[in-house]
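Asks: Dropping in input.pdb, with PDB, C-alpha atoms.
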ATOM      1  CA  ARG G 919       0.000   0.000   0.000
ATOM      2  CA  PHE G 920       1.103   3.511  -0.761
ATOM      3  CA  ARG G 921       0.763   6.275   1.771
ATOM      4  CA  ASN G 922       1.035   9.999   1.301
ATOM      5  CA  ARG G 923       4.395  11.264   2.429
ATOM      6  CA  ASN G 924       4.163  13.804   5.256
ATOM      7  CA  LEU G 925       7.815  14.831   5.142
ATOM      8  CA  TYR G 926       9.167  16.994   2.345
ATOM      9  CA  TRP G 927      12.669  17.841   1.271
ATOM     10  CA  THR G 928      13.612  21.522   1.449
ATOM     11  CA  GLU G 929      16.832  22.644  -0.184
ATOM     12  CA  LEU G 930      18.718  25.348   1.658
ATOM     13  CA  GLN G 931      21.256  27.796   0.311
ATOM     14  CA  SER G 932      24.598  26.464  -0.817
ATOM     15  CA  GLY G 933      27.041  26.204   2.042
ATOM     16  CA  GLY G 934      24.334  26.609   4.678
ATOM     17  CA  TYR G 935      24.586  24.364   7.719
ATOM     18  CA  GLY G 936      23.706  24.306  11.381
ATOM     19  CA  ALA G 937      20.029  25.103  10.785
ATOM     20  CA  THR G 938      17.913  26.201  13.744
ATOM     21  CA  LEU G 939      14.170  25.850  13.168
ATOM     22  CA  VAL G 940      11.260  27.480  14.972
ATOM     23  CA  GLU G 941       7.514  27.449  14.368
ATOM     24  CA  ALA G 942       6.215  30.926  13.615
ATOM     25  CA  ASN G 943       2.644  32.151  13.061
ATOM     26  CA  HIS G 944       0.185  31.055  10.367
ATOM     27  CA  GLY G 945       1.997  27.797   9.637
ATOM     28  CA  ASP G 946       5.331  29.457   8.858
ATOM     29  CA  VAL G 947       8.626  27.829   9.805
ATOM     30  CA  TRP G 948      11.726  29.962  10.208
ATOM     31  CA  ALA G 949      15.191  28.569   9.520
ATOM     32  CA  PHE G 950      18.416  30.233  10.597
ATOM     33  CA  LEU G 951      21.717  29.053   9.142
ATOM     34  CA  GLU G 952      25.367  29.725   9.844
ATOM     35  CA  HIS G 953      25.299  32.176   6.949
ATOM     36  CA  PRO G 954      22.642  34.949   7.218
ATOM     37  CA  PRO G 955      19.971  35.830   6.660
ATOM     38  CA  GLY G 956      17.355  33.429   7.993
ATOM     39  CA  ILE G 957      14.520  32.373   5.706
ATOM     40  CA  ASN G 958      10.839  31.525   5.918
ATOM     41  CA  LEU G 959      10.677  27.972   4.609
ATOM     42  CA  ARG G 960       7.090  28.357   3.406
ATOM     43  CA  ASP G 961       7.769  31.075   0.848
ATOM     44  CA  ARG G 962      11.607  30.995   0.771
ATOM     45  CA  GLN G 963      11.747  34.697   1.639
ATOM     46  CA  PRO G 964      14.505  36.176   3.829
ATOM     47  CA  LEU G 965      13.539  37.163   7.358
ATOM     48  CA  ALA G 966      13.923  40.926   7.486
ATOM     49  CA  GLY G 967      14.425  42.708  10.786
ATOM     50  CA  LEU G 968      15.483  39.613  12.711
ATOM     51  CA  PRO G 969      18.932  38.546  13.942
ATOM     52  CA  ASP G 970      21.144  37.486  11.045
ATOM     53  CA  TRP G 971      22.122  34.247  12.721
ATOM     54  CA  VAL G 972      20.476  32.320  15.550
ATOM     55  CA  LEU G 973      21.842  29.394  17.561
ATOM     56  CA  LEU G 974      18.796  28.882  19.809
ATOM     57  CA  SER G 975      15.127  29.614  19.197
ATOM     58  CA  LYS G 976      11.959  28.788  21.085
ATOM     59  CA  ARG G 977       8.275  29.607  20.681
ATOM     60  CA  GLU G 978       5.953  30.236  23.627
ATOM     61  CA  PRO G 979       2.234  29.289  23.569
ATOM     62  CA  ASP G 980       1.270  32.969  23.260
ATOM     63  CA  GLY G 981       3.257  33.309  20.022
ATOM     64  CA  THR G 982       6.344  34.919  21.537
ATOM     65  CA  ILE G 983       9.553  33.698  19.908
ATOM     66  CA  TRP G 984      12.856  33.819  21.769
ATOM     67  CA  MET G 985      16.130  33.827  19.825
ATOM     68  CA  TRP G 986      19.723  33.881  20.942
ATOM     69  CA  GLY G 987      21.910  35.191  18.157
ATOM     70  CA  GLY G 988      23.310  38.333  16.671
ATOM     71  CA  MET G 989      23.627  40.804  13.868
ATOM     72  CA  GLY G 990      26.279  40.816  11.162
ATOM     73  CA  ARG G 991      28.054  38.027   9.367
ATOM     74  CA  LEU G 992      30.856  37.840  11.930
ATOM     75  CA  ARG G 993      30.225  36.615  15.462
ATOM     76  CA  ILE G 994      31.205  39.442  17.782
ATOM     77  CA  ALA G 995      30.301  39.321  21.459
ATOM     78  CA  GLU G 996      28.894  42.859  21.504
ATOM     79  CA  ARG G 997      26.430  41.880  18.761
ATOM     80  CA  GLU G 998      25.255  38.702  20.457
ATOM     81  CA  SER G 999      22.191  38.763  22.673
ATOM     82  CA  LEU G1000      18.780  37.380  23.499
ATOM     83  CA  TRP G1001      15.921  38.688  21.363
ATOM     84  CA  ARG G1002      12.157  38.593  21.952
ATOM     85  CA  TRP G1003       9.853  38.670  18.932
ATOM     86  CA  LYS G1004       6.095  39.146  19.330
ATOM     87  CA  ALA G1005       3.452  40.433  16.940
ATOM     88  CA  GLY G1006       6.055  41.656  14.493
ATOM     89  CA  GLN G1007       8.081  43.573  17.079
ATOM     90  CA  ILE G1008      11.576  42.505  18.153
ATOM     91  CA  VAL G1009      13.289  43.647  21.341
ATOM     92  CA  LYS G1010      16.805  42.998  22.601
ATOM     93  CA  VAL G1011      16.835  41.560  26.134
ATOM     94  CA  PRO G1012      19.986  42.378  28.157
ATOM     95  CA  LEU G1013      21.690  39.394  29.781
ATOM     96  CA  PRO G1014      24.111  39.143  32.693
ATOM     97  CA  TYR G1015      26.736  37.493  30.449
ATOM     98  CA  PRO G1016      27.348  37.591  26.670
ATOM     99  CA  THR G1017      28.061  33.870  26.379
ATOM    100  CA  PRO G1018      25.492  31.661  24.565
ATOM    101  CA  VAL G1019      22.078  30.921  26.023
ATOM    102  CA  GLN G1020      21.579  27.166  26.099
ATOM    103  CA  ALA G1021      17.933  26.952  27.259
ATOM    104  CA  ILE G1022      14.904  29.206  27.846
ATOM    105  CA  ALA G1023      11.630  28.802  29.769
ATOM    106  CA  THR G1024       8.858  31.021  31.143
ATOM    107  CA  ASP G1025       7.263  30.069  34.477
ATOM    108  CA  SER G1026       3.704  30.464  35.786
ATOM    109  CA  THR G1027       4.283  34.127  36.708
ATOM    110  CA  GLY G1028       5.524  34.962  33.206
ATOM    111  CA  SER G1029       9.086  35.371  34.469
ATOM    112  CA  LEU G1030      11.915  34.347  32.188
ATOM    113  CA  TRP G1031      14.491  31.644  32.923
ATOM    114  CA  VAL G1032      17.699  31.268  30.922
ATOM    115  CA  SER G1033      20.583  28.839  31.186
ATOM    116  CA  ILE G1034      23.799  30.612  30.170
ATOM    117  CA  ARG G1035      26.645  28.396  29.112
ATOM    118  CA  GLY G1036      29.348  28.261  31.769
ATOM    119  CA  HIS G1037      27.487  30.526  34.215
ATOM    120  CA  GLY G1038      24.384  28.642  35.334
ATOM    121  CA  VAL G1039      20.630  29.233  35.406
ATOM    122  CA  PHE G1040      19.227  32.737  35.857
ATOM    123  CA  HIS G1041      15.716  33.905  36.722
ATOM    124  CA  GLN G1042      14.534  37.388  35.786
ATOM    125  CA  GLU G1043      12.643  39.072  38.635
ATOM    126  CA  HIS G1044      11.325  42.648  38.186
ATOM    127  CA  GLY G1045      13.796  43.221  35.368
ATOM    128  CA  GLU G1046      16.793  41.990  37.367
ATOM    129  CA  TRP G1047      18.649  38.722  36.797
ATOM    130  CA  LYS G1048      19.167  36.383  39.751
ATOM    131  CA  LEU G1049      21.496  33.376  39.691
ATOM    132  CA  MET G1050      19.550  30.325  40.875
ATOM    133  CA  GLU G1051      21.255  27.602  42.901
ATOM    134  CA  ILE G1052      19.289  24.752  41.359
ATOM    135  CA  LEU G1053      21.848  22.129  42.376
ATOM    136  CA  LYS G1054      23.388  22.775  45.773
ATOM    137  CA  GLY G1055      26.981  23.919  45.503
ATOM    138  CA  ARG G1056      26.929  23.864  41.672
ATOM    139  CA  SER G1057      25.165  27.070  40.709
ATOM    140  CA  ASN G1058      27.354  27.609  37.627
ATOM    141  CA  LEU G1059      26.399  24.295  35.999
ATOM    142  CA  THR G1060      24.713  24.644  32.595
ATOM    143  CA  ALA G1061      21.212  23.221  32.077
ATOM    144  CA  TYR G1062      21.083  22.020  28.476
ATOM    145  CA  SER G1063      17.303  22.032  28.133
ATOM    146  CA  ALA G1064      14.390  23.750  29.855
ATOM    147  CA  ILE G1065      10.617  23.697  29.623
ATOM    148  CA  ALA G1066       7.694  25.055  31.630
ATOM    149  CA  ASP G1067       4.823  22.591  31.986
ATOM    150  CA  GLU G1068       1.106  23.406  31.938
ATOM    151  CA  LYS G1069       1.287  24.280  35.654
ATOM    152  CA  GLY G1070       4.094  26.757  35.023
ATOM    153  CA  ARG G1071       6.702  24.623  36.778
ATOM    154  CA  VAL G1072      10.193  24.718  35.285
ATOM    155  CA  TRP G1073      12.052  21.552  34.279
ATOM    156  CA  LEU G1074      15.808  21.609  33.686
ATOM    157  CA  ALA G1075      18.028  18.902  32.200
ATOM    158  CA  TYR G1076      21.612  18.344  33.305
ATOM    159  CA  PRO G1077      22.896  15.612  30.972
ATOM    160  CA  GLU G1078      26.385  15.707  32.480
ATOM    161  CA  LEU G1079      24.878  14.444  35.734
ATOM    162  CA  LYS G1080      22.145  12.343  34.082
ATOM    163  CA  THR G1081      19.734  14.361  36.195
ATOM    164  CA  VAL G1082      16.491  16.257  35.602
ATOM    165  CA  VAL G1083      15.372  18.915  38.085
ATOM    166  CA  LEU G1084      11.861  20.231  38.718
ATOM    167  CA  TRP G1085      11.521  23.750  40.122
ATOM    168  CA  ASP G1086       8.064  24.312  41.591
ATOM    169  CA  ASN G1087       7.669  27.769  43.148
ATOM    170  CA  GLY G1088      10.910  27.458  45.111
ATOM    171  CA  ARG G1089      10.707  23.746  45.785
ATOM    172  CA  VAL G1090      13.380  21.720  43.973
ATOM    173  CA  GLN G1091      13.109  18.016  43.196
ATOM    174  CA  SER G1092      15.754  15.948  41.374
ATOM    175  CA  PHE G1093      15.212  12.859  39.228
ATOM    176  CA  SER G1094      17.889  10.361  38.203
ATOM    177  CA  ALA G1095      18.372   6.602  37.933
ATOM    178  CA  ALA G1096      18.175   6.442  41.730
ATOM    179  CA  ASN G1097      14.464   7.336  41.660
ATOM    180  CA  GLY G1098      13.248   5.967  38.343
ATOM    181  CA  LEU G1099      14.705   8.097  35.530
ATOM    182  CA  THR G1100      16.540   5.270  33.772
ATOM    183  CA  ILE G1101      17.049   6.678  30.246
ATOM    184  CA  GLY G1102      20.519   8.100  30.793
ATOM    185  CA  ALA G1103      21.444  11.664  29.941
ATOM    186  CA  VAL G1104      18.350  13.730  29.057
ATOM    187  CA  THR G1105      18.466  16.584  26.560
ATOM    188  CA  PRO G1106      15.069  17.319  24.941
ATOM    189  CA  PHE G1107      11.738  17.870  26.688
ATOM    190  CA  ALA G1108       8.268  17.912  25.159
ATOM    191  CA  GLU G1109       4.790  18.292  26.610
ATOM    192  CA  ASP G1110       1.610  16.575  25.497
ATOM    193  CA  GLY G1111      -1.290  17.898  27.528
ATOM    194  CA  SER G1112      -0.591  17.032  31.163
ATOM    195  CA  ILE G1113       2.212  14.606  30.312
ATOM    196  CA  LEU G1114       5.845  15.693  30.185
ATOM    197  CA  TRP G1115       8.191  13.676  27.972
ATOM    198  CA  ALA G1116      11.961  13.460  28.355
ATOM    199  CA  GLY G1117      14.307  12.156  25.678
ATOM    200  CA  GLY G1118      17.455  10.415  26.856
ATOM    201  CA  GLU G1119      20.379   8.517  25.385
ATOM    202  CA  LEU G1120      18.604   5.228  26.204
ATOM    203  CA  GLY G1121      15.056   6.114  25.137
ATOM    204  CA  LEU G1122      11.976   8.046  26.247
ATOM    205  CA  ALA G1123      10.293   8.529  29.611
ATOM    206  CA  TYR G1124       7.122  10.338  30.641
ATOM    207  CA  PHE G1125       6.267  11.974  33.944
ATOM    208  CA  ARG G1126       3.024  10.983  35.611
ATOM    209  CA  ASP G1127       1.826  10.607  39.192
ATOM    210  CA  GLY G1128       4.977  12.155  40.585
ATOM    211  CA  ARG G1129       7.522   9.966  38.830
ATOM    212  CA  PHE G1130       9.084   9.155  35.484
ATOM    213  CA  GLN G1131       7.943   6.018  33.694
ATOM    214  CA  THR G1132       9.134   4.231  30.553
TER     215      THR G1132
END
Could I get this file's structure written as structure tokens?

Replies:
Amino acid sequence: RFRNRNLYWTELQSGGYGATLVEANHGDVWAFLEHPPGINLRDRQPLAGLPDWVLLSKREPDGTIWMWGGMGRLRIAERESLWRWKAGQIVKVPLPYPTPVQAIATDSTGSLWVSIRGHGVFHQEHGEWKLMEILKGRSNLTAYSAIADEKGRVWLAYPELKTVVLWDNGRVQSFSAANGLTIGAVTPFAEDGSILWAGGELGLAYFRDGRFQT
């Protein structure tokens, strides 16, 4: 039997690599490559007014798109930053350090969380950045993935420790092989309704009834 193919090949510009993809509005998909500018994959048009190159992008449920990247063909620290796009408007968000943002999440209060490579996890409160000691004595450890669930709780993945951490309004809970998270180092998260999924080097696990299951 023949089935309709739901994946389609899209050719990118010659020499382009390291694509970062993000879902935009109205079915659009934006792609950012090592060589600017980014393009809208639906109509193949360049993305005007956005960072020339982006290494991390994430869409929020309200349509906000976060991007860590910069302007200009050369990577220069002064041009690198976090950018917030919403309803056609883009704003540069100052960070405590210019090094790359590895993960982004927004909690139940609408406050922003960022994991900055080599410096740790920061929480923005009333416009000020606060370093969060998620793991006791290791505040500078990088979380490589972050997601806020439907309750606004923030999940952080620390693949170097094969540990996932849940931050719930100040309460911190860790998950590892010792308490049921047996899929090795976790990097990606995804949410399906009330179920949180974690992808690890040994497979998938989902969180339900207070624990991870495979």

Asks: Taking only residues of stretch 1008-1089 of chain G that have an atom at most 12 Å from an atom of stretch 1115-1121 of chain G, what is each one's shortest atom pair and its distance in Å to one decimal, using all atoms listed in the file, in chain and number order, as CSV?

Replies:
residue,atom,partner,partner_atom,distance
G:Ser1063,CA,G:Ala1116,CA,10.1
G:Ala1064,CA,G:Ala1116,CA,10.7
G:Ile1065,CA,G:Ala1116,CA,10.4
G:Ala1066,CA,G:Trp1115,CA,12.0
G:Asp1067,CA,G:Trp1115,CA,10.3
G:Trp1073,CA,G:Ala1116,CA,10.0
G:Leu1074,CA,G:Ala1116,CA,10.5
G:Ala1075,CA,G:Ala1116,CA,9.0
G:Tyr1076,CA,G:Gly1118,CA,11.0
G:Pro1077,CA,G:Gly1118,CA,8.6
G:Glu1078,CA,G:Glu1119,CA,11.8
G:Lys1080,CA,G:Gly1118,CA,8.8
G:Thr1081,CA,G:Gly1118,CA,10.4
G:Val1082,CA,G:Ala1116,CA,9.0
G:Val1083,CA,G:Ala1116,CA,11.7

Asks: Using atom CA of G:Thr1132 and atom CA of G:Ser1094 as the two end points, give the distance in Å to one decimal.

Replies: 13.1 Å

Asks: Taking the file as I've supplied it (selection: the PyMOL selection byres ((chain G and resi 1098) around 10)), which residues are included? Please answer as a ChimeraX atom specification.

Replies: /G:1093-1097,1099-1101,1123,1129-1132

Asks: Between atom CA of G:Met985 and atom CA of G:Val947, what is the spacing in Å?

Replies: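 We find that atom CA of G:Val947 and atom CA of G:Met985 lie 13.9 Å from each other.
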
Asks: Give as a ChimeraX atom specification the residues that the PyMOL selection byres ((chain G and resi 1010) around 8) matches when applied to the coordinates above.

Replies: /G:999-1002,1008-1009,1011-1012

Asks: Please write as a list in words the full residue list that the PyMOL selection byres ((chain G and resi 1052-1058) around 10) yields on this file.

Replies: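 Applied to this file, the PyMOL selection byres ((chain G and resi 1052-1058) around 10) selects Ser1033, Ile1034, Arg1035, Gly1036, His1037, Gly1038, Val1039, Phe1040, Leu1049, Met1050, Glu1051, Leu1059, Thr1060, Ala1061, Leu1074, Tyr1076, Val1083, Leu1084, Trp1085, Gly1088, Arg1089, Val1090, Gln1091 and Ser1092 of chain G.
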
Asks: As an exercise, work out the distance from atom CA of G:Val972 to atom CA of G:Gly988 in Å and give it to one decimal place.

Replies: 6.7 Å

Asks: Which one is closest to G:Arg977: G:Arg962, G:Lys1004, G:His1041, G:Arg1071? Count all atoms listed in the file.

Replies: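 Counting all atoms listed in the file, the residue closest to G:Arg977 is G:Lys1004.
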
Asks: Could you tell me which of G:Thr938, G:Pro964, G:Gly945, G:Phe1125 comes closest to G:Phe1107 if we count all atoms listed in the file?

Replies: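 Of all the options, G:Phe1125 lies closest to G:Phe1107.
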